[in-house]
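Visitor: Sharing a structure here in structure tokens format.
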Amino acid sequence: MSDFLQFFSHIDGGEIALASWETVAMLLGSLVLSVILGLPVGVWLSVTSPTGLAPNRFTYGVLSLIVNVLRSIPFVILFILLIPVTLALVGTSLGVRGAIPPLVLGAAPFFARLVETALREVEHAVVEATQALGASKRQIIVHTLLPEAMPGLIAAITMTAIALVSYTAMAGVVGAGGLGDLAVRYGYQRFQTDVMVVTVALIVVLVQGLQMLGDALVARFHRK
Amino acid sequence: MSLIRFNDVSKRFALKGRTQDALSGVSLGIARGEVFGIIGPSGSGKSTLVRLINRLETPTRGTVEVNGVDIGKLKAAQLSAVRHKLGMIFQAFGLLSSKTARQNVLFALKLAQKSLTDADHQRVDDLLARVGLSDHADKYPSQLSGGQKQRVAIARALANAPDILLCDEPTSALDPEATQGVLDLLAELNRDLGLTVVIVTHEMDVVRQICDCVAVLEEGRLAEVGTVAQVLFDPVSDAARALGKHLLPHAPAISGAADTRLRLTYFGEVVTGDALSAATQGADVRFSILAGQVSELKSVPYGHLIVDITGADRALVIERLQTRGVRVEALI
């Protein structure tokens, strides 16, 4: 028992709590903004895609390219690349505030693709029936595509949230704070394995919690 | 004047660099108040033809008129207004899975008007009662059977009181019992509301049961069009013959005496069998019935017999049959 306590001798409850809070704050802030930014882009992608409501090769091509470019840059590099933009936007590239712009730019394109896929899954017959009822394109998007894709959209938000947890840990390495920062500064650089174990455990709990919440919501909205 | 008119309509699809002619030069009129069937094997262009009426597809050439209005010339807002008066149901139902039966019907009203009144809610309840689903109004589509889903779809299609109901293979996904229920409902709506029904199907039996007129399509061309009786009993195209074949009785292939065989057809209350026994009374003939069927075209009974008549008074019997309104044809 004392060996067990001895192993966790470096744990500072206050610091862990603060880091956890920073991670949750980064996660929530960037998740909300990623959804706000990614949803319209995803809808736009879906609508302009070759099988969409209003196919437009040019728009779809340009949007697709931007999304692909942002998605192909590894997050740590995107974070550093964006520092001037981040400074201009929020005045700092450090801390929770400084992490949010790159997190959003990393996650929103990912979310947009997931939205596009979720909307594509909506049964064609339902869209066609709505068209036959005289719905405008806007009505089809708002009243048919989005509600029918709701379970898929919730699953997409869950996946984005989980991706963001790992992004926040990487952001921690380059000055954003949070659990990732704690794991690197204490667990890695000072060989405090106990800190590493606790931070990893907290991240696992966070991811598990998000997945369970997401699954429960998907089940709640699933009517098929 | 026709309510719906196709003027030399062609539709070409481009698929992966290949083009395919779904329809070639189809001209056709559909009158107000009739149940009009469009029949053909799969790939004959029948679904495309019905989808041109509410512009779910646009023709490559030719025009489609509804009530004298060229559908192709309408702007988006005008098209929406026309579509509100053109109900449509589909093989795959197309119900919103996230809405209950009642919400699905209400949805059609919401799309067509800015706000809903109590009268609108009453109308939705009435429509659900009309299609026999009052007890299932608050169920989601996943909780309903195929036949019930199609009934919800019919109620939804009728929400904005259309003049025309377009049906794209409405019973193809249903079991025989549900099919019968849906067909009876469509016939009832046509009779009670004067609704013009256009129904696409690959089954001649569906046409036989509820249609007044039918157009037969084959590889995108109009093979023939006419009343159901004409197309079923006097087909001029191979396509119509092939589609109607299994609905008509077939004489067994017995050797000999094939030249004495006759096909007797009779419409209306008197059934061929009775006419036959009356016509042969006291006449010097022998007859045997080789195949026969008594059925209905929409609600008109008809009899159809293949008989073998021999004897001295054969000509007399044929004459008697003809005076009774039985159509007599030699079967060679």
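By order in the structure tokens, chains are A, B, ...; within a chain, residues start at 1; ligands start at 1, following the order shown.
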Please produce, as JSON lines, a per-residue contact table for chain B versus chain A (criterion: any atom at most 10 Å away, only C-alpha atoms considered), showing the nearest atom pair and its distance in Å to one decimal, sorted by chain then residue number.
Guide:
```
{"residue": "B:Arg51", "atom": "CA", "partner": "A:Ala132", "partner_atom": "CA", "distance": 9.2}
{"residue": "B:Asn54", "atom": "CA", "partner": "A:Ala132", "partner_atom": "CA", "distance": 6.9}
{"residue": "B:Arg55", "atom": "CA", "partner": "A:Ala132", "partner_atom": "CA", "distance": 8.5}
{"residue": "B:Leu56", "atom": "CA", "partner": "A:Ala132", "partner_atom": "CA", "distance": 7.1}
{"residue": "B:Ala76", "atom": "CA", "partner": "A:Ser136", "partner_atom": "CA", "distance": 7.8}
{"residue": "B:Ala77", "atom": "CA", "partner": "A:Ser136", "partner_atom": "CA", "distance": 7.9}
{"residue": "B:Gln78", "atom": "CA", "partner": "A:Gly134", "partner_atom": "CA", "distance": 9.4}
{"residue": "B:Leu79", "atom": "CA", "partner": "A:Gly134", "partner_atom": "CA", "distance": 7.1}
{"residue": "B:Ser80", "atom": "CA", "partner": "A:Gly134", "partner_atom": "CA", "distance": 4.1}
{"residue": "B:Ala81", "atom": "CA", "partner": "A:Gly134", "partner_atom": "CA", "distance": 6.6}
{"residue": "B:Val82", "atom": "CA", "partner": "A:Gly134", "partner_atom": "CA", "distance": 7.6}
{"residue": "B:Arg83", "atom": "CA", "partner": "A:Gly134", "partner_atom": "CA", "distance": 4.8}
{"residue": "B:His84", "atom": "CA", "partner": "A:Gly134", "partner_atom": "CA", "distance": 5.5}
{"residue": "B:Lys85", "atom": "CA", "partner": "A:Leu133", "partner_atom": "CA", "distance": 8.6}
{"residue": "B:Leu86", "atom": "CA", "partner": "A:Ala132", "partner_atom": "CA", "distance": 7.8}
{"residue": "B:Gly87", "atom": "CA", "partner": "A:Leu133", "partner_atom": "CA", "distance": 6.9}
{"residue": "B:Met88", "atom": "CA", "partner": "A:Ala132", "partner_atom": "CA", "distance": 6.5}
{"residue": "B:Ile89", "atom": "CA", "partner": "A:Ala129", "partner_atom": "CA", "distance": 7.4}
{"residue": "B:Phe90", "atom": "CA", "partner": "A:Ala125", "partner_atom": "CA", "distance": 7.6}
{"residue": "B:Gln91", "atom": "CA", "partner": "A:Ala125", "partner_atom": "CA", "distance": 8.6}
{"residue": "B:Ala92", "atom": "CA", "partner": "A:Ala125", "partner_atom": "CA", "distance": 6.2}
{"residue": "B:Phe93", "atom": "CA", "partner": "A:Ala125", "partner_atom": "CA", "distance": 7.1}
{"residue": "B:Gly94", "atom": "CA", "partner": "A:Val126", "partner_atom": "CA", "distance": 3.9}
{"residue": "B:Leu95", "atom": "CA", "partner": "A:Val126", "partner_atom": "CA", "distance": 5.8}
{"residue": "B:Leu96", "atom": "CA", "partner": "A:Val126", "partner_atom": "CA", "distance": 6.2}
{"residue": "B:Ser97", "atom": "CA", "partner": "A:Arg223", "partner_atom": "CA", "distance": 5.9}
{"residue": "B:Ser98", "atom": "CA", "partner": "A:Arg223", "partner_atom": "CA", "distance": 5.9}
{"residue": "B:Lys99", "atom": "CA", "partner": "A:Arg223", "partner_atom": "CA", "distance": 8.6}
{"residue": "B:Thr100", "atom": "CA", "partner": "A:Arg223", "partner_atom": "CA", "distance": 9.7}
{"residue": "B:Phe107", "atom": "CA", "partner": "A:His143", "partner_atom": "CA", "distance": 8.7}
{"residue": "B:Ala108", "atom": "CA", "partner": "A:Leu133", "partner_atom": "CA", "distance": 6.3}
{"residue": "B:Leu109", "atom": "CA", "partner": "A:Leu133", "partner_atom": "CA", "distance": 9.1}
{"residue": "B:Lys110", "atom": "CA", "partner": "A:Ala135", "partner_atom": "CA", "distance": 9.6}
{"residue": "B:Leu111", "atom": "CA", "partner": "A:Ala135", "partner_atom": "CA", "distance": 5.9}
{"residue": "B:Ala112", "atom": "CA", "partner": "A:Gly134", "partner_atom": "CA", "distance": 7.3}
{"residue": "B:Tyr140", "atom": "CA", "partner": "A:Arg223", "partner_atom": "CA", "distance": 7.2}
{"residue": "B:Pro141", "atom": "CA", "partner": "A:Lys224", "partner_atom": "CA", "distance": 7.9}
{"residue": "B:Ser142", "atom": "CA", "partner": "A:Lys224", "partner_atom": "CA", "distance": 5.5}
{"residue": "B:Gln143", "atom": "CA", "partner": "A:Lys224", "partner_atom": "CA", "distance": 8.8}
{"residue": "B:Ala153", "atom": "CA", "partner": "A:Ala129", "partner_atom": "CA", "distance": 9.1}
{"residue": "B:Arg156", "atom": "CA", "partner": "A:Leu133", "partner_atom": "CA", "distance": 8.7}
{"residue": "B:Ala157", "atom": "CA", "partner": "A:Leu133", "partner_atom": "CA", "distance": 7.3}
{"residue": "B:Leu158", "atom": "CA", "partner": "A:Leu133", "partner_atom": "CA", "distance": 10.0}
{"residue": "B:Ala159", "atom": "CA", "partner": "A:Leu133", "partner_atom": "CA", "distance": 9.6}
{"residue": "B:Asn160", "atom": "CA", "partner": "A:Leu133", "partner_atom": "CA", "distance": 9.0}
{"residue": "B:Leu166", "atom": "CA", "partner": "A:Ala132", "partner_atom": "CA", "distance": 9.8}
```
Visitor: For segment 191-201 of chain A, work out the shell of residues within 8 Å, counting only C-alpha atoms and skipping chain neighbours fewer than 5 positions away, then give it as a ChimeraX atom specification.
Guide: /A:7-11,16,179-180,182-184,186
Visitor: Which neighbours of Ser172 of chain B fall inside 10 Å, counting only C-alpha atoms, when residues of the same chain fewer than 4 positions from it are skipped, and could you give them as a VMD selection string?
Guide: chain B and resid 90 to 92 168 176 179 200 to 203
Visitor: Using only N, CA and C atoms, please write the residues we just selected to a file, as a PDB file, in the first residue's frame.
Guide:
```pdb
ATOM      1  N   PHE B  90     -44.273   6.804 -53.792  1.00  0.00           N
ATOM      2  CA  PHE B  90     -43.132   6.082 -54.350  1.00  0.00           C
ATOM      3  C   PHE B  90     -43.104   4.633 -53.867  1.00  0.00           C
ATOM      4  N   GLN B  91     -42.355   3.833 -54.592  1.00  0.00           N
ATOM      5  CA  GLN B  91     -42.168   2.442 -54.174  1.00  0.00           C
ATOM      6  C   GLN B  91     -41.528   2.376 -52.784  1.00  0.00           C
ATOM      7  N   ALA B  92     -40.542   3.251 -52.540  1.00  0.00           N
ATOM      8  CA  ALA B  92     -39.808   3.214 -51.266  1.00  0.00           C
ATOM      9  C   ALA B  92     -40.435   4.131 -50.215  1.00  0.00           C
ATOM     10  N   ASP B 168     -45.536   5.965 -58.353  1.00  0.00           N
ATOM     11  CA  ASP B 168     -44.419   5.288 -59.000  1.00  0.00           C
ATOM     12  C   ASP B 168     -44.221   3.923 -58.340  1.00  0.00           C
ATOM     13  N   PRO B 176     -49.072  -9.280 -51.112  1.00  0.00           N
ATOM     14  CA  PRO B 176     -50.333  -9.255 -51.867  1.00  0.00           C
ATOM     15  C   PRO B 176     -51.495  -8.597 -51.109  1.00  0.00           C
ATOM     16  N   THR B 179     -50.947  -4.883 -50.988  1.00  0.00           N
ATOM     17  CA  THR B 179     -51.126  -4.392 -52.352  1.00  0.00           C
ATOM     18  C   THR B 179     -52.606  -4.172 -52.634  1.00  0.00           C
ATOM     19  N   VAL B 200     -47.712   3.909 -62.207  1.00  0.00           N
ATOM     20  CA  VAL B 200     -46.680   3.184 -62.925  1.00  0.00           C
ATOM     21  C   VAL B 200     -46.565   1.803 -62.307  1.00  0.00           C
ATOM     22  N   THR B 201     -46.546   0.782 -63.129  1.00  0.00           N
ATOM     23  CA  THR B 201     -46.443  -0.577 -62.594  1.00  0.00           C
ATOM     24  C   THR B 201     -45.851  -1.495 -63.643  1.00  0.00           C
ATOM     25  N   HIS B 202     -45.353  -2.636 -63.190  1.00  0.00           N
ATOM     26  CA  HIS B 202     -44.920  -3.634 -64.165  1.00  0.00           C
ATOM     27  C   HIS B 202     -45.891  -4.815 -64.171  1.00  0.00           C
ATOM     28  N   GLU B 203     -46.976  -4.691 -63.393  1.00  0.00           N
ATOM     29  CA  GLU B 203     -47.927  -5.794 -63.294  1.00  0.00           C
ATOM     30  C   GLU B 203     -49.244  -5.468 -63.992  1.00  0.00           C
TER      31      GLU B 203
END
```
Visitor: Extract, using only C-alpha atoms, all DNA, RNA and protein residues at most 7 Å from Val294 of chain B, discarding same-chain residues fewer than 6 positions from it, and format them as a list in words.
Guide: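 Near Val294 of chain B, the qualifying residues are Tyr302, Gly303 and His304 of chain B.
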Visitor: Take the residues from that selection and write them out as a PDB file, in the first residue's frame, keeping C-alpha atoms.
Guide:
```
ATOM      1  CA  TYR B 302     -65.840  -9.972 -67.770  1.00  0.00           C
ATOM      2  CA  GLY B 303     -65.748 -13.550 -68.835  1.00  0.00           C
ATOM      3  CA  HIS B 304     -63.224 -15.122 -71.052  1.00  0.00           C
TER       4      HIS B 304
END
```
Visitor: May I have the residues within 7 Å of segment 216-223 of chain B as a compact mmCIF listing (two decimals) with N, CA and C atoms, in the first residue's frame, using only C-alpha atoms and disregarding those fewer than 4 positions away in the same chain?
Guide:
```txt
# COMPACT_ATOMS: atom_id res chain seq x y z
N ASP B 21 -31.03 6.27 -73.90
CA ASP B 21 -32.33 6.88 -74.16
C ASP B 21 -33.38 6.21 -73.31
N ALA B 22 -33.84 6.93 -72.28
CA ALA B 22 -34.86 6.36 -71.41
C ALA B 22 -36.23 6.46 -72.08
N LEU B 23 -36.43 7.56 -72.81
CA LEU B 23 -37.69 7.75 -73.53
C LEU B 23 -37.40 8.31 -74.91
N SER B 24 -38.12 7.83 -75.91
CA SER B 24 -37.93 8.35 -77.26
C SER B 24 -39.27 8.72 -77.89
N GLY B 25 -39.47 10.02 -78.07
CA GLY B 25 -40.63 10.51 -78.80
C GLY B 25 -41.98 10.03 -78.31
N VAL B 26 -42.23 10.19 -77.02
CA VAL B 26 -43.51 9.75 -76.47
C VAL B 26 -44.52 10.89 -76.49
N ILE B 38 -49.36 3.19 -66.48
CA ILE B 38 -48.19 3.20 -67.37
C ILE B 38 -47.46 1.90 -67.06
N ILE B 39 -47.42 1.03 -68.03
CA ILE B 39 -46.88 -0.29 -67.77
C ILE B 39 -45.76 -0.61 -68.73
N GLY B 40 -44.85 -1.44 -68.26
CA GLY B 40 -43.74 -1.85 -69.12
C GLY B 40 -42.78 -2.64 -68.27
N GLY B 43 -36.82 -0.91 -66.94
CA GLY B 43 -35.94 -0.30 -67.93
C GLY B 43 -36.68 0.21 -69.15
N SER B 44 -38.01 0.18 -69.13
CA SER B 44 -38.76 0.63 -70.30
C SER B 44 -39.01 2.14 -70.26
N GLY B 45 -38.63 2.80 -69.16
CA GLY B 45 -38.79 4.25 -69.09
C GLY B 45 -40.06 4.71 -68.41
N LYS B 46 -40.81 3.77 -67.82
CA LYS B 46 -42.11 4.15 -67.25
C LYS B 46 -41.98 5.07 -66.04
N SER B 237 -49.39 -4.71 -79.83
CA SER B 237 -47.93 -4.78 -79.72
C SER B 237 -47.53 -6.06 -78.98
N ALA B 239 -45.28 -6.18 -76.81
CA ALA B 239 -45.07 -5.82 -75.41
C ALA B 239 -46.36 -6.00 -74.61
N ALA B 240 -47.47 -5.52 -75.15
CA ALA B 240 -48.75 -5.63 -74.46
C ALA B 240 -49.17 -7.09 -74.36
```
Visitor: Tell me which protein, DNA and RNA residues are within 12 Å of Ala187 of chain B, counting only C-alpha atoms, leaving out same-chain ones fewer than 2 positions away, and put them as a ChimeraX atom specification.
Guide: /B:33-36,165,180-185,189-199,206-212,298-299
Visitor: Store the residues picked out above, limited to N, CA and C atoms, as a short mmCIF file (atom, residue, chain, number, x, y, z; two decimals), in the first residue's frame.
Guide:
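Wrote it out as out01.cif, contents follow:
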```cif
data_model
loop_
_atom_site.label_atom_id
_atom_site.label_comp_id
_atom_site.auth_asym_id
_atom_site.auth_seq_id
_atom_site.Cartn_x
_atom_site.Cartn_y
_atom_site.Cartn_z
N GLY B 33 -59.75 12.85 -64.17
CA GLY B 33 -60.63 11.92 -63.47
C GLY B 33 -60.41 10.45 -63.77
N GLU B 34 -59.46 10.14 -64.65
CA GLU B 34 -59.26 8.71 -64.94
C GLU B 34 -58.10 8.14 -64.14
N VAL B 35 -58.12 6.82 -64.04
CA VAL B 35 -56.96 6.13 -63.48
C VAL B 35 -56.17 5.62 -64.67
N PHE B 36 -54.99 6.17 -64.83
CA PHE B 36 -54.20 5.89 -66.03
C PHE B 36 -52.98 5.06 -65.64
N LEU B 165 -52.76 12.45 -58.53
CA LEU B 165 -51.87 11.66 -57.68
C LEU B 165 -51.00 10.79 -58.59
N GLN B 180 -53.42 -5.19 -52.29
CA GLN B 180 -54.84 -5.10 -52.51
C GLN B 180 -55.43 -3.90 -51.76
N GLY B 181 -55.00 -3.73 -50.52
CA GLY B 181 -55.50 -2.62 -49.71
C GLY B 181 -55.18 -1.27 -50.32
N VAL B 182 -53.94 -1.12 -50.79
CA VAL B 182 -53.52 0.15 -51.38
C VAL B 182 -54.27 0.41 -52.69
N LEU B 183 -54.43 -0.65 -53.52
CA LEU B 183 -55.14 -0.48 -54.79
C LEU B 183 -56.60 -0.10 -54.55
N ASP B 184 -57.21 -0.77 -53.57
CA ASP B 184 -58.61 -0.44 -53.26
C ASP B 184 -58.72 1.02 -52.82
N LEU B 185 -57.75 1.45 -52.00
CA LEU B 185 -57.76 2.83 -51.52
C LEU B 185 -57.62 3.82 -52.68
N LEU B 189 -60.28 6.64 -53.82
CA LEU B 189 -59.97 8.07 -53.88
C LEU B 189 -60.32 8.64 -55.25
N ASN B 190 -60.07 7.84 -56.29
CA ASN B 190 -60.42 8.25 -57.64
C ASN B 190 -61.93 8.44 -57.77
N ARG B 191 -62.68 7.51 -57.19
CA ARG B 191 -64.13 7.54 -57.30
C ARG B 191 -64.71 8.68 -56.46
N ASP B 192 -64.26 8.77 -55.20
CA ASP B 192 -64.88 9.73 -54.27
C ASP B 192 -64.43 11.17 -54.47
N LEU B 193 -63.16 11.35 -54.81
CA LEU B 193 -62.63 12.72 -54.90
C LEU B 193 -62.46 13.18 -56.33
N GLY B 194 -62.71 12.27 -57.28
CA GLY B 194 -62.48 12.63 -58.67
C GLY B 194 -61.01 12.84 -58.98
N LEU B 195 -60.17 12.25 -58.13
CA LEU B 195 -58.73 12.41 -58.26
C LEU B 195 -58.23 11.69 -59.53
N THR B 196 -57.43 12.38 -60.31
CA THR B 196 -56.80 11.73 -61.46
C THR B 196 -55.59 10.96 -60.93
N VAL B 197 -55.54 9.66 -61.22
CA VAL B 197 -54.44 8.84 -60.69
C VAL B 197 -53.60 8.33 -61.85
N VAL B 198 -52.31 8.57 -61.80
CA VAL B 198 -51.39 8.02 -62.79
C VAL B 198 -50.54 6.99 -62.06
N ILE B 199 -50.61 5.76 -62.51
CA ILE B 199 -49.93 4.70 -61.77
C ILE B 199 -48.97 3.93 -62.66
N VAL B 206 -52.35 -5.13 -61.74
CA VAL B 206 -52.63 -3.84 -61.11
C VAL B 206 -53.47 -2.99 -62.07
N VAL B 207 -53.05 -2.98 -63.35
CA VAL B 207 -53.78 -2.24 -64.38
C VAL B 207 -55.21 -2.76 -64.50
N ARG B 208 -55.33 -4.09 -64.54
CA ARG B 208 -56.64 -4.71 -64.69
C ARG B 208 -57.59 -4.27 -63.56
N GLN B 209 -57.04 -4.20 -62.35
CA GLN B 209 -57.90 -3.91 -61.20
C GLN B 209 -58.38 -2.48 -61.10
N ILE B 210 -57.52 -1.52 -61.42
CA ILE B 210 -57.94 -0.15 -61.12
C ILE B 210 -57.88 0.84 -62.28
N CYS B 211 -57.26 0.47 -63.41
CA CYS B 211 -57.07 1.49 -64.44
C CYS B 211 -58.22 1.56 -65.44
N ASP B 212 -58.43 2.75 -65.99
CA ASP B 212 -59.36 2.94 -67.09
C ASP B 212 -58.61 2.78 -68.41
N LYS B 298 -61.42 -3.16 -63.58
CA LYS B 298 -61.84 -2.15 -62.62
C LYS B 298 -63.03 -2.76 -61.90
N SER B 299 -64.29 -2.29 -62.11
CA SER B 299 -65.37 -3.00 -61.43
C SER B 299 -66.33 -3.67 -62.41
#
```
Visitor: To one decimal place, how far is atom CA of Val326 of chain B from atom CA of Glu224 of chain B in Å?
Guide: 24.8 Å
Visitor: Give the helix (DSSP H, G or I) residues of segment 18-257 of chain B, as DSSP finds them on the backbone, and put them as a ChimeraX atom specification.
Guide: /B:46-53,71-73,76-84,101-112,118-130,134-136,141-143,146-158,176-193,204-210,228-233,238-247
Visitor: Residues as selected, C-alpha atoms, written as a CSV table (one decimal), in the first residue's frame, can you do that?
Guide:
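Everything below was put into selection_1.csv:
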```csv
chain,number,residue,atom,x,y,z
B,46,LYS,CA,-42.1,4.2,-67.2
B,47,SER,CA,-40.8,5.7,-64.0
B,48,THR,CA,-39.0,8.4,-66.0
B,49,LEU,CA,-42.3,9.2,-67.8
B,50,VAL,CA,-44.2,9.7,-64.6
B,51,ARG,CA,-41.4,11.7,-63.0
B,52,LEU,CA,-41.5,14.2,-65.9
B,53,ILE,CA,-45.0,15.2,-64.8
B,71,ILE,CA,-44.1,22.4,-66.7
B,72,GLY,CA,-40.6,23.0,-68.2
B,73,LYS,CA,-41.1,26.7,-68.3
B,76,ALA,CA,-38.7,27.5,-58.9
B,77,ALA,CA,-41.4,29.1,-56.9
B,78,GLN,CA,-44.1,28.4,-59.5
B,79,LEU,CA,-42.9,24.8,-59.7
B,80,SER,CA,-43.3,24.5,-55.9
B,81,ALA,CA,-46.9,25.8,-56.2
B,82,VAL,CA,-47.7,23.3,-59.0
B,83,ARG,CA,-46.1,20.4,-57.0
B,84,HIS,CA,-48.3,21.2,-54.0
B,101,ALA,CA,-47.2,9.4,-39.3
B,102,ARG,CA,-49.1,12.5,-38.2
B,103,GLN,CA,-46.0,14.8,-38.4
B,104,ASN,CA,-45.3,13.4,-41.9
B,105,VAL,CA,-48.7,14.4,-43.2
B,106,LEU,CA,-48.5,17.8,-41.4
B,107,PHE,CA,-45.1,18.3,-43.0
B,108,ALA,CA,-46.7,18.5,-46.4
B,109,LEU,CA,-48.9,21.3,-45.2
B,110,LYS,CA,-46.0,23.1,-43.5
B,111,LEU,CA,-44.1,23.1,-46.7
B,112,ALA,CA,-47.0,24.7,-48.6
B,118,ASP,CA,-56.6,24.3,-36.2
B,119,ALA,CA,-58.4,23.4,-39.4
B,120,ASP,CA,-55.1,22.1,-40.8
B,121,HIS,CA,-54.6,19.8,-37.8
B,122,GLN,CA,-58.1,18.6,-38.3
B,123,ARG,CA,-57.5,18.0,-41.9
B,124,VAL,CA,-54.4,15.8,-41.1
B,125,ASP,CA,-56.6,13.8,-38.6
B,126,ASP,CA,-59.3,13.4,-41.3
B,127,LEU,CA,-56.7,12.3,-43.9
B,128,LEU,CA,-55.3,9.7,-41.5
B,129,ALA,CA,-58.8,8.4,-40.8
B,130,ARG,CA,-59.5,8.3,-44.6
B,134,SER,CA,-56.2,6.9,-37.0
B,135,ASP,CA,-54.9,4.4,-34.5
B,136,HIS,CA,-51.3,4.7,-35.8
B,141,PRO,CA,-42.5,4.8,-39.9
B,142,SER,CA,-40.2,2.1,-38.4
B,143,GLN,CA,-43.1,0.9,-36.3
B,146,GLY,CA,-45.2,-1.6,-45.6
B,147,GLY,CA,-48.9,-1.2,-46.4
B,148,GLN,CA,-49.3,1.3,-43.5
B,149,LYS,CA,-46.3,3.3,-44.6
B,150,GLN,CA,-47.8,3.6,-48.1
B,151,ARG,CA,-51.0,4.7,-46.6
B,152,VAL,CA,-49.2,7.5,-44.7
B,153,ALA,CA,-47.5,8.4,-47.9
B,154,ILE,CA,-50.9,8.6,-49.6
B,155,ALA,CA,-52.3,10.8,-46.8
B,156,ARG,CA,-49.3,13.0,-47.1
B,157,ALA,CA,-49.6,13.3,-50.9
B,158,LEU,CA,-53.2,14.3,-50.5
B,176,PRO,CA,-50.3,-9.3,-51.9
B,177,GLU,CA,-52.7,-8.3,-49.0
B,178,ALA,CA,-51.2,-4.8,-48.6
B,179,THR,CA,-51.1,-4.4,-52.4
B,180,GLN,CA,-54.8,-5.1,-52.5
B,181,GLY,CA,-55.5,-2.6,-49.7
B,182,VAL,CA,-53.5,0.2,-51.4
B,183,LEU,CA,-55.1,-0.5,-54.8
B,184,ASP,CA,-58.6,-0.4,-53.3
B,185,LEU,CA,-57.8,2.8,-51.5
B,186,LEU,CA,-56.5,4.4,-54.8
B,187,ALA,CA,-59.6,3.3,-56.6
B,188,GLU,CA,-61.8,4.7,-53.8
B,189,LEU,CA,-60.0,8.1,-53.9
B,190,ASN,CA,-60.4,8.3,-57.6
B,191,ARG,CA,-64.1,7.5,-57.3
B,192,ASP,CA,-64.9,9.7,-54.3
B,193,LEU,CA,-62.6,12.7,-54.9
B,204,MET,CA,-50.9,-6.0,-65.7
B,205,ASP,CA,-52.9,-7.3,-62.8
B,206,VAL,CA,-52.6,-3.8,-61.1
B,207,VAL,CA,-53.8,-2.2,-64.4
B,208,ARG,CA,-56.6,-4.7,-64.7
B,209,GLN,CA,-57.9,-3.9,-61.2
B,210,ILE,CA,-57.9,-0.2,-61.1
B,228,VAL,CA,-57.6,-1.6,-70.5
B,229,ALA,CA,-60.0,-3.8,-72.4
B,230,GLN,CA,-58.4,-3.0,-75.7
B,231,VAL,CA,-54.9,-3.5,-74.5
B,232,LEU,CA,-55.6,-6.7,-72.6
B,233,PHE,CA,-57.9,-8.4,-75.1
B,238,ASP,CA,-45.8,-7.7,-78.6
B,239,ALA,CA,-45.1,-5.8,-75.4
B,240,ALA,CA,-48.8,-5.6,-74.5
B,241,ARG,CA,-49.3,-9.3,-75.4
B,242,ALA,CA,-46.4,-10.3,-73.2
B,243,LEU,CA,-47.6,-8.3,-70.3
B,244,GLY,CA,-51.2,-9.5,-70.5
B,245,LYS,CA,-50.5,-13.1,-71.3
B,246,HIS,CA,-50.6,-14.5,-67.9
B,247,LEU,CA,-53.9,-12.8,-67.1
```
